[in-house]
Amino acid sequence: MSTVPTIRMIDNHFSQQAIGLILPIQQQEFNIPVTLEDQPDLLDIDTCYHRTGGGFWGAMQGETLVGTIALIAIGHQAGAIRKMFVKKEFRGKELGIAQRLLEGLIAYSRQQGIQDLYLGTVNKLEAAMRFYERNHFKRIPKTDLPSYFPVMPADNVFYHLHLEKEG
């Protein structure tokens, strides 16, 4: 890997690449019982993310998608983080792809006036949980999620980050 992947907003033209990246990580690497039918958002990134005031970002190695993160604007100055995945061979601090994806999403959230970020994950994803905790996300019980947070059926661990105003 001679070049560091670039982070950019992606759209429906990348749906198949996103599916090809995310499903094998979920199903094969982590054995999470989730299917494409459970995630119709991957088939329509524009409607599910961009048109709601959220976004969907990709880490691109040339023309190849190697990482993703998405934000759903859920109203109430809040957002839900989704689809945080990095291809196995691109993980780690050397390239810092996950960190750069998250920092971009947080910067965008601040620009959009979002003050609270929530996410759900699966307890099998221990490295992901450590990553969120290193980035100041606080683990919260499901009962502390706002009623407007869209819970995914597979998720069983939840996090919250309050964004301080810059200034």
# chains A, B, ... in the order shown; residues from 1 in each chain; ligands from 1

$ closest_atom_pairs --of "range 6-119 of chain A" --to "range 131-134 of chain A" --cutoff "12 Å" --atoms "only C-alpha atoms" --output "CSV"
residue,atom,partner,partner_atom,distance
A:Ile81,CA,A:Tyr132,CA,11.1
A:Met84,CA,A:Tyr132,CA,10.7
A:Arg91,CA,A:Phe131,CA,11.6
A:Gly92,CA,A:Phe131,CA,10.5
A:Lys93,CA,A:Phe131,CA,10.8
A:Gly96,CA,A:Phe131,CA,11.3
A:Ile97,CA,A:Phe131,CA,11.9
A:Ala98,CA,A:Phe131,CA,8.6
A:Gln99,CA,A:Phe131,CA,8.5
A:Leu102,CA,A:Tyr132,CA,9.3
A:Glu103,CA,A:Tyr132,CA,11.6
A:Leu117,CA,A:Tyr132,CA,11.4
A:Tyr118,CA,A:Tyr132,CA,10.8
A:Leu119,CA,A:Tyr132,CA,9.5

$ atom_distance --atom1 "CA of Thr121 in chain A" --atom2 "CA of Phe158 in chain A"
6.3 Å

$ select_by_dssp --residues "range 89-145 of chain A" --states "strand (DSSP E)" --output "ChimeraX atom specification"
/A:116-121,138-140

$ atom_distance --atom1 "CA of Gln39 in chain A" --atom2 "CA of His136 in chain A"
27.3 Å

$ atom_distance --atom1 "CA of Met60 in chain A" --atom2 "CA of Val122 in chain A"
25.4 Å

$ residues_around --residues "Gln61 in chain A" --least-positions-apart "2" --cutoff "12 Å" --atoms "only C-alpha atoms" --output "number ranges by chain"
A: 1-8, 58-59, 63-67, 86-87, 89-90, 95, 97

$ residues_around --residues "Asp38 in chain A" --least-positions-apart "6" --cutoff "12 Å" --atoms "only C-alpha atoms" --output "list in words"
Ile19, Leu23, Gln26, Ile32, Met152, Pro153 and Ala154 of chain A

$ select_by_dssp --residues "range 77-147 of chain A" --states "helix (DSSP H, G or I)" --output "MDAnalysis selection string"
chainID A and resid 88:90 97:111 126:134 142:144

$ closest_residue --among "A:Gly20, A:Gly75, A:Pro33, A:Gly104" --to "Gly55 in chain A" --atoms "only C-alpha atoms"
A:Gly104

$ closest_residue --among "A:Leu101, A:Val157, A:Ile106, A:Leu36" --to "Asn123 in chain A" --atoms "only C-alpha atoms"
A:Val157

$ residues_around --residues "Gly79 in chain A" --least-positions-apart "5" --cutoff "9 Å" --atoms "only C-alpha atoms" --output "MDAnalysis selection string"
chainID A and resid 54 71:74 109 114:119 149

$ closest_residue --among "A:Pro141, A:Gly113, A:Gly62, A:Pro24" --to "Glu164 in chain A" --atoms "only C-alpha atoms"
A:Gly113

$ closest_residue --among "A:Leu145, A:Leu21, A:Glu37, A:Leu105" --to "Ala70 in chain A" --atoms "only C-alpha atoms"
A:Leu105

$ residues_around --residues "Phe85 in chain A" --least-positions-apart "4" --cutoff "7 Å" --atoms "only C-alpha atoms" --output "short mmCIF file (atom, residue, chain, number, x, y, z; two decimals) with N, CA and C atoms, in the first residue's frame"
data_model
loop_
_atom_site.label_atom_id
_atom_site.label_comp_id
_atom_site.auth_asym_id
_atom_site.auth_seq_id
_atom_site.Cartn_x
_atom_site.Cartn_y
_atom_site.Cartn_z
N ILE A 22 -18.95 -4.51 3.33
CA ILE A 22 -19.59 -4.63 4.64
C ILE A 22 -20.11 -6.04 4.93
N GLY A 67 -13.09 1.37 3.25
CA GLY A 67 -13.67 1.69 4.55
C GLY A 67 -14.89 2.56 4.38
N THR A 68 -15.81 2.48 5.36
CA THR A 68 -17.03 3.29 5.31
C THR A 68 -17.42 3.78 6.69
N ILE A 69 -18.18 4.84 6.69
CA ILE A 69 -18.89 5.32 7.89
C ILE A 69 -20.07 6.13 7.38
#

$ closest_residue --among "A:Trp57, A:Phe30, A:Phe14, A:Tyr148" --to "Leu42 in chain A" --atoms "only C-alpha atoms"
A:Phe14
